[in-house]
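Student: So here's start34.cif, just mmCIF, C-alpha atoms:
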```
data_start
loop_
_atom_site.label_atom_id
_atom_site.label_comp_id
_atom_site.auth_asym_id
_atom_site.auth_seq_id
_atom_site.Cartn_x
_atom_site.Cartn_y
_atom_site.Cartn_z
CA MET A 286 -36.22 0.25 36.87
CA ALA A 287 -38.50 2.40 34.75
CA GLU A 288 -37.80 6.09 34.69
CA LYS A 289 -40.35 8.40 36.21
CA PRO A 290 -42.11 10.49 33.60
CA LYS A 291 -40.82 14.02 33.49
CA ARG A 292 -43.13 16.63 34.89
CA GLN A 293 -44.48 18.78 32.11
CA ILE A 294 -44.72 22.51 32.48
CA LYS A 295 -48.25 23.65 31.84
CA ALA A 296 -47.45 27.31 31.42
CA GLY A 297 -46.71 28.49 27.93
CA ARG A 298 -43.63 30.40 29.03
CA ASN A 299 -40.75 30.18 31.47
CA LEU A 300 -42.29 32.00 34.43
CA PRO A 301 -39.08 32.68 36.43
CA ALA A 302 -37.37 34.03 33.31
CA ALA A 303 -40.43 36.14 32.50
CA ILE A 304 -40.47 37.64 36.00
CA ALA A 305 -36.73 38.31 35.97
CA THR A 306 -36.91 39.96 32.54
CA GLY A 307 -39.90 42.07 33.57
CA ALA A 308 -38.14 43.24 36.73
CA ALA A 309 -34.94 44.02 34.80
CA LEU A 310 -36.93 46.36 32.54
CA LEU A 311 -39.47 47.70 35.04
CA ILE A 312 -37.14 48.79 37.85
CA PRO A 313 -34.77 50.97 35.78
CA GLY A 314 -37.75 52.13 33.72
CA VAL A 315 -39.59 53.47 36.77
CA PHE A 316 -36.36 55.04 38.07
CA GLY A 317 -35.86 56.69 34.67
CA ILE A 318 -39.40 58.07 34.51
CA PHE A 319 -39.35 59.80 37.87
CA TRP A 320 -35.71 60.53 38.72
CA PHE A 321 -33.33 60.21 35.75
CA GLN A 322 -35.05 60.50 32.41
CA PRO A 323 -31.87 60.07 30.29
CA LEU A 324 -31.85 56.48 31.58
CA LEU A 325 -35.41 56.04 30.33
CA ILE A 326 -34.38 57.38 26.91
CA ALA A 327 -31.41 54.99 26.80
CA ILE A 328 -33.64 52.02 27.66
CA TRP A 329 -36.17 53.15 25.05
CA ILE A 330 -33.47 53.36 22.36
CA VAL A 331 -32.26 49.83 23.11
CA VAL A 332 -35.81 48.48 23.08
CA LEU A 333 -36.67 50.25 19.81
CA CYS A 334 -33.49 49.03 18.12
CA LEU A 335 -34.38 45.48 19.14
CA GLY A 336 -37.91 45.98 17.80
CA VAL A 337 -36.56 47.29 14.49
CA TRP A 338 -34.21 44.32 14.23
CA GLU A 339 -37.04 41.85 14.94
CA VAL A 340 -39.47 43.21 12.36
CA ALA A 341 -36.82 43.74 9.65
CA ARG A 342 -35.41 40.24 10.21
CA ALA A 343 -38.89 38.68 10.10
CA LEU A 344 -39.67 40.45 6.81
CA GLU A 345 -36.39 39.30 5.29
CA HIS A 346 -36.80 35.73 6.54
CA HIS A 347 -40.31 35.53 5.09
CA THR A 348 -38.97 36.22 1.58
CA ALA A 349 -35.65 34.35 1.94
CA GLU A 350 -36.76 31.42 -0.20
CA THR A 351 -38.35 33.47 -2.97
CA THR A 352 -36.72 34.24 -6.29
CA GLN A 353 -36.22 37.84 -5.23
CA PRO A 354 -35.68 37.93 -1.44
CA LEU A 355 -36.24 41.19 0.38
CA ARG A 356 -33.22 43.00 1.77
CA ILE A 357 -33.64 45.78 4.30
CA PRO A 358 -30.60 47.94 5.12
CA LYS A 359 -30.87 48.19 8.89
CA ALA A 360 -28.39 50.99 9.64
CA PRO A 361 -30.87 53.80 8.71
CA LEU A 362 -33.52 52.10 10.85
CA TYR A 363 -31.21 51.89 13.85
CA LEU A 364 -30.36 55.56 13.30
CA GLY A 365 -34.06 56.42 13.34
CA ALA A 366 -34.71 54.24 16.40
CA ALA A 367 -32.00 56.18 18.26
CA ALA A 368 -32.90 59.64 16.95
CA MET A 369 -36.69 59.64 17.25
CA PRO A 370 -37.01 59.18 21.04
CA VAL A 371 -34.32 61.82 21.58
CA ALA A 372 -36.12 64.17 19.19
CA ALA A 373 -39.45 63.52 20.92
CA TYR A 374 -38.01 64.26 24.35
CA TRP A 375 -36.13 67.45 23.49
CA GLY A 376 -38.07 68.78 20.51
CA ARG A 377 -41.62 67.50 20.97
CA VAL A 378 -43.95 66.34 18.20
CA GLU A 379 -42.49 68.55 15.46
CA ALA A 380 -38.97 67.21 16.05
CA LEU A 381 -40.28 63.64 16.20
CA THR A 382 -41.94 64.05 12.81
CA LEU A 383 -38.76 65.61 11.43
CA GLY A 384 -36.85 62.59 12.76
CA LEU A 385 -39.18 60.29 10.82
CA MET A 386 -38.65 62.33 7.64
CA ILE A 387 -34.86 62.22 8.02
CA THR A 388 -35.06 58.48 8.63
CA GLY A 389 -37.06 58.12 5.42
CA VAL A 390 -34.39 59.99 3.46
CA ALA A 391 -31.68 57.84 5.07
CA ILE A 392 -33.59 54.70 4.06
CA MET A 393 -33.68 55.77 0.41
CA VAL A 394 -30.00 56.75 0.47
CA GLY A 395 -29.16 53.43 2.13
CA ALA A 396 -31.00 51.49 -0.58
CA VAL A 397 -28.77 53.19 -3.15
CA LEU A 398 -25.50 52.81 -1.24
CA TRP A 399 -26.09 49.13 -0.50
CA ARG A 400 -27.26 48.55 -4.09
CA VAL A 401 -30.44 46.76 -3.08
CA THR A 402 -31.69 44.62 -5.96
CA ASP A 403 -35.37 45.47 -5.37
CA PRO A 404 -35.25 49.03 -4.00
CA GLY A 405 -38.99 49.67 -4.26
CA ARG A 406 -40.00 46.83 -1.96
CA SER A 407 -37.04 47.46 0.33
CA ILE A 408 -37.85 51.16 0.81
CA VAL A 409 -41.57 50.54 1.40
CA ALA A 410 -40.84 47.76 3.91
CA SER A 411 -38.23 49.91 5.68
CA LEU A 412 -40.63 52.86 5.92
CA PHE A 413 -43.24 50.53 7.41
CA VAL A 414 -40.75 49.41 10.07
CA ALA A 415 -39.71 53.01 10.81
CA CYS A 416 -43.31 54.16 11.26
CA TRP A 417 -44.60 51.12 13.12
CA VAL A 418 -41.80 50.77 15.67
CA PRO A 419 -39.75 53.88 16.56
CA TYR A 420 -42.09 56.63 15.39
CA LEU A 421 -45.37 55.59 17.01
CA ILE A 422 -43.84 54.20 20.20
CA SER A 423 -41.71 57.34 20.68
CA PHE A 424 -44.90 59.20 21.57
CA ALA A 425 -44.27 57.81 25.05
CA LEU A 426 -41.46 60.38 25.40
CA LEU A 427 -43.85 63.14 24.35
CA LEU A 428 -46.15 62.26 27.23
CA ILE A 429 -43.41 63.14 29.71
CA GLN A 430 -43.25 66.70 28.36
CA ILE A 431 -46.83 67.63 29.22
CA PRO A 432 -47.86 68.74 32.75
CA GLN A 433 -47.62 65.82 35.22
CA GLY A 434 -46.15 63.89 32.33
CA GLU A 435 -44.39 61.28 34.42
CA TRP A 436 -47.65 60.17 35.98
CA ARG A 437 -49.45 60.49 32.64
CA LEU A 438 -47.04 57.95 31.13
CA VAL A 439 -47.42 55.61 34.10
CA VAL A 440 -51.22 55.79 33.89
CA VAL A 441 -51.23 55.06 30.16
CA VAL A 442 -49.04 52.00 30.75
CA LEU A 443 -51.41 50.92 33.55
CA LEU A 444 -54.35 51.32 31.17
CA VAL A 445 -52.63 49.08 28.62
CA VAL A 446 -51.91 46.51 31.34
CA SER A 447 -55.53 46.78 32.49
CA ASN A 448 -56.68 46.17 28.93
CA ASP A 449 -54.71 42.92 28.79
CA THR A 450 -55.49 41.77 32.34
CA PHE A 451 -59.21 42.48 32.52
CA GLY A 452 -59.68 41.36 28.93
CA TYR A 453 -58.02 38.04 29.69
CA ILE A 454 -60.09 37.46 32.84
CA ALA A 455 -63.39 38.35 31.18
CA GLY A 456 -62.48 36.33 28.10
CA VAL A 457 -61.70 33.22 30.14
CA LEU A 458 -64.85 33.51 32.26
CA PHE A 459 -67.39 34.71 29.71
CA GLY A 460 -65.81 34.68 26.24
CA LYS A 461 -68.08 33.10 23.61
CA HIS A 462 -68.06 35.45 20.63
CA PRO A 463 -64.69 35.95 18.86
CA MET A 464 -63.92 39.45 17.64
CA ALA A 465 -61.78 38.37 14.67
CA PRO A 466 -61.32 34.58 14.67
CA LYS A 467 -59.06 34.54 11.62
CA VAL A 468 -56.67 37.07 13.13
CA SER A 469 -56.75 36.35 16.89
CA PRO A 470 -59.08 33.47 17.81
CA LYS A 471 -58.70 33.97 21.58
CA LYS A 472 -59.97 37.56 21.66
CA SER A 473 -63.70 37.81 22.32
CA TRP A 474 -66.22 40.61 22.52
CA GLU A 475 -66.83 39.68 26.15
CA GLY A 476 -63.11 40.09 26.82
CA PHE A 477 -63.14 43.44 25.05
CA ALA A 478 -66.04 44.55 27.28
CA GLY A 479 -64.03 43.46 30.31
CA SER A 480 -61.07 45.49 29.07
CA LEU A 481 -63.26 48.58 28.72
CA ILE A 482 -64.81 48.26 32.18
CA GLY A 483 -61.52 47.53 33.95
CA ALA A 484 -59.56 50.25 32.16
CA MET A 485 -62.31 52.83 32.73
CA LEU A 486 -62.18 52.04 36.45
CA VAL A 487 -58.41 52.61 36.44
CA GLY A 488 -58.75 55.79 34.37
CA VAL A 489 -61.44 57.28 36.62
CA LEU A 490 -59.43 56.49 39.76
CA ALA A 491 -56.35 58.11 38.22
CA SER A 492 -58.28 61.28 37.35
CA TRP A 493 -59.67 61.44 40.88
CA LEU A 494 -56.65 60.44 42.98
CA ILE A 495 -53.66 61.62 40.91
CA PHE A 496 -54.65 64.46 38.59
CA ASP A 497 -57.62 66.05 40.41
CA GLU A 498 -59.53 66.50 37.17
CA PRO A 499 -63.05 65.67 35.94
CA LEU A 500 -63.66 61.92 35.95
CA HIS A 501 -64.85 61.88 32.35
CA ILE A 502 -61.28 62.62 31.22
CA GLY A 503 -60.00 59.38 32.72
CA ALA A 504 -62.95 57.44 31.32
CA ALA A 505 -62.49 58.88 27.82
CA LEU A 506 -58.75 58.21 27.91
CA ALA A 507 -59.36 54.62 29.02
CA VAL A 508 -61.81 53.95 26.18
CA ALA A 509 -59.41 55.43 23.61
CA VAL A 510 -56.43 53.47 24.96
CA VAL A 511 -58.35 50.17 25.01
CA ILE A 512 -59.48 50.61 21.40
CA ALA A 513 -55.96 51.60 20.30
CA ALA A 514 -54.28 48.80 22.28
CA THR A 515 -56.68 46.22 20.83
CA ALA A 516 -55.94 47.53 17.34
CA GLY A 517 -52.23 47.20 18.09
CA ASP A 518 -52.70 43.60 19.23
CA PHE A 519 -54.61 42.75 16.07
CA SER A 520 -52.06 44.51 13.87
CA GLU A 521 -49.15 42.50 15.23
CA SER A 522 -51.19 39.30 15.05
CA MET A 523 -51.89 39.98 11.37
CA VAL A 524 -48.22 40.71 10.68
CA LYS A 525 -47.09 37.53 12.44
CA ARG A 526 -49.74 35.45 10.71
CA GLU A 527 -48.69 36.84 7.34
CA LEU A 528 -45.02 36.15 8.11
CA GLY A 529 -45.75 32.71 9.53
CA VAL A 530 -44.08 33.26 12.92
CA LYS A 531 -45.34 32.63 16.47
CA ASP A 532 -43.02 35.09 18.22
CA MET A 533 -41.06 37.91 16.64
CA SER A 534 -37.90 36.63 18.37
CA GLN A 535 -36.64 35.33 21.71
CA ALA A 536 -34.89 38.57 22.67
CA LEU A 537 -36.73 38.78 26.00
CA PRO A 538 -36.39 35.51 27.97
CA GLY A 539 -39.80 34.30 29.05
CA HIS A 540 -41.62 36.89 26.93
CA GLY A 541 -40.64 36.19 23.34
CA GLY A 542 -39.86 39.21 21.21
CA VAL A 543 -39.82 42.90 22.06
CA MET A 544 -42.71 43.58 19.69
CA ASP A 545 -44.70 40.78 21.30
CA ARG A 546 -44.71 42.96 24.43
CA LEU A 547 -44.93 46.38 22.77
CA ASP A 548 -47.69 45.62 20.27
CA SER A 549 -50.37 47.18 22.50
CA LEU A 550 -48.32 50.37 22.90
CA VAL A 551 -47.85 51.05 19.19
CA PHE A 552 -51.19 52.80 18.70
CA ALA A 553 -51.93 53.41 22.38
CA MET A 554 -49.10 55.91 22.94
CA PRO A 555 -49.97 58.39 20.15
CA THR A 556 -53.69 57.98 20.87
CA ALA A 557 -53.17 58.72 24.57
CA TYR A 558 -50.96 61.71 23.82
CA PHE A 559 -53.47 63.43 21.56
CA VAL A 560 -56.45 62.61 23.80
CA ILE A 561 -54.67 63.98 26.89
CA VAL A 562 -53.55 67.13 25.08
CA ALA A 563 -57.03 67.69 23.64
CA LEU A 564 -58.84 67.21 26.96
CA THR A 565 -56.43 68.82 29.45
CA GLN A 566 -54.62 71.67 27.68
CA ASP A 567 -55.55 74.84 25.84
CA THR A 568 -54.04 75.91 22.52
CA ALA A 569 -51.01 77.42 24.27
CA GLY A 570 -50.17 74.05 25.84
CA LEU A 571 -51.16 75.14 29.35
CA PRO A 572 -53.44 73.09 31.63
CA LEU A 573 -57.10 73.93 31.32
CA GLY A 574 -58.71 75.45 34.37
CA LEU A 575 -61.17 72.65 34.90
#
```
Take the structure in the file and write it out as structure tokens.

Tutor:
Amino acid sequence: MAEKPKRQIKAGRNLPAAIATGAALLIPGVFGIFWFQPLLIAIWIVVLCLGVWEVARALEHHTAETTQPLRIPKAPLYLGAAAMPVAAYWGRVEALTLGLMITGVAIMVGAVLWRVTDPGRSIVASLFVACWVPYLISFALLLIQIPQGEWRLVVVVLLVVSNDTFGYIAGVLFGKHPMAPKVSPKKSWEGFAGSLIGAMLVGVLASWLIFDEPLHIGAALAVAVVIAATAGDFSESMVKRELGVKDMSQALPGHGGVMDRLDSLVFAMPTAYFVIVALTQDTAGLPLGL
């Protein structure tokens, strides 16, 4: 008796695993934002360490078969991934920048202690990882420190989600003109327009219903976040294309790698922080009387 053909899964990912992983991160994340922020910092440190590991491993793997493979001492990067979010939360932007500088010094010292054969390439690659992953994404912890910071962080995340969701819907329905076909063939200008419209709607509603501020602030923030998130998507796509990998890792079941999920946040978090500070606070850091 002939066997029945196995049913093929059409989705590109394991949906139950993706939902379970998302819930496992979202629930404690929301609890940490509003009620116990040390938990949020702990989650952020774990996520950033995983991101550092993914990018450093991908860079090393890409050069593994060359005559002079790249070696990246990871201990200084893990130190930076742990220190920068803590510095951002307790010491604000100045402490975060100091954390990056100390991480850079630790990277150079590590290259000497581990006797890296090609220290120049190793240090440059390590500094790239330190800036791209823990430094830029740690701006999320700076958002919490400004007035109504918990909701500011939630709204920025919602804007990033809106960028992906509305961009995908508009791209599927109307997409005909690729933005950068050699980098990300599926992203279209029509999808980008959908991202802008959807995110602006979310931003305006947030300014009206949550923050009681002029609507143009939410609209401006949405435009800035969409541009930054799109740049983050393209940046990771270029890195993965250069390294010849589809996913950075399989650290998150159903989602791929940590950086595959955080790529939109890399530029969006610092962009959102500076836009919000510029539009809602005076030079003393106090809310503007708008």

Student: Run the PyMOL selection byres ((chain A and resi 386) around 12) on the file and write out the hits as a list in words.

Tutor: Pro361, Leu362, Gly365, Ala368, Met369, Ala372, Glu379, Ala380, Leu381, Thr382, Leu383, Gly384, Leu385, Ile387, Thr388, Gly389, Val390, Ala391, Ile392, Met393, Leu412, Ala415, Cys416 and Tyr420 of chain A

Student: List every residue of range 462-530 of chain A that has an atom at most 12 Å from any atom of range 550-564 of chain A, giving for each one its closest atom pair and the distance in Å to one decimal, counting all atoms listed in the file, sorted by chain and then by ascending residue number, as CSV.

Tutor:
```
residue,atom,partner,partner_atom,distance
A:Gly488,CA,A:Ala557,CA,11.7
A:Ser492,CA,A:Ile561,CA,11.4
A:Phe496,CA,A:Ile561,CA,11.7
A:Glu498,CA,A:Leu564,CA,10.3
A:Pro499,CA,A:Leu564,CA,10.0
A:Leu500,CA,A:Leu564,CA,11.5
A:His501,CA,A:Leu564,CA,9.7
A:Ile502,CA,A:Leu564,CA,6.7
A:Gly503,CA,A:Ile561,CA,9.1
A:Ala504,CA,A:Val560,CA,11.2
A:Ala505,CA,A:Val560,CA,8.2
A:Leu506,CA,A:Val560,CA,6.4
A:Ala507,CA,A:Ala557,CA,8.7
A:Val508,CA,A:Ala557,CA,10.0
A:Ala509,CA,A:Thr556,CA,6.8
A:Val510,CA,A:Ala553,CA,5.2
A:Val511,CA,A:Ala553,CA,7.7
A:Ile512,CA,A:Ala553,CA,8.1
A:Ala513,CA,A:Ala553,CA,4.9
A:Ala514,CA,A:Ala553,CA,5.2
A:Thr515,CA,A:Ala553,CA,8.8
A:Ala516,CA,A:Phe552,CA,7.2
A:Gly517,CA,A:Phe552,CA,5.7
A:Asp518,CA,A:Leu550,CA,8.9
A:Phe519,CA,A:Phe552,CA,10.9
A:Ser520,CA,A:Val551,CA,9.4
A:Glu521,CA,A:Val551,CA,9.5
```

Student: Between A:Met464, A:Ala396, A:Leu421, A:Ala484, which has the minimum distance to Val441 in chain A (counting all atoms listed in the file)?

Tutor: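 Closest to Val441 in chain A of all the choices is A:Ala484.
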
Student: Between A:Ser407, A:Phe316, A:Gly456, A:Gly483, which is the closest to Leu444 in chain A once you count all atoms listed in the file?

Tutor: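 Checking each candidate against Leu444 in chain A, we get A:Gly483 as the closest.
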
Student: Would you compute the distance between CA of Ile431 in chain A and CA of Gly376 in chain A? Give it in Å to one decimal.

Tutor: 12.4 Å

Student: Skipping near chain neighbours, those fewer than 6 positions away, what residues fall within 12 Å of range 542-549 of chain A using only C-alpha atoms, listed as a PyMOL selection string?

Tutor: chain A and resi 303+306-307+310+329+331-343+414+417-419+421-423+425+441-449+510-525+530-536+555-556

Student: What is the distance between CA of Glu345 in chain A and CA of Lys359 in chain A, in Å to one decimal?

Tutor: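 Here the two named atoms are 11.1 Å from each other.
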
Student: On this structure, the PyMOL selection byres ((chain A and resi 460) around 6) would catch which residues? List them as a ChimeraX atom specification, sorted by chain and number.

Tutor: /A:456-457,459,461,473,475

Student: Please write out, as lines of an AutoDock Vina configuration file, where the centre of an axis-aligned box around all listed atoms of range 413-429 of chain A lies and how long its edges are, in Å to one decimal, after adding 8 Å on each side.

Tutor:
```
center_x = -42.9
center_y = 56.3
center_z = 18.6
size_x = 22.4
size_y = 29.7
size_z = 38.3
```

Student: What is the CA of Gly452 in chain A to CA of Ala478 in chain A distance in Å?

Tutor: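 Separation between CA of Gly452 in chain A and CA of Ala478 in chain A: 7.3 Å.
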
Student: Which residue gives the smallest distance to Arg437 in chain A among A:Ile330, A:Ala465, A:Val397, A:Ile318, with only C-alpha atoms counted?

Tutor: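 Ranking A:Ile330, A:Ala465, A:Val397, A:Ile318 by distance to Arg437 in chain A, first place goes to A:Ile318.
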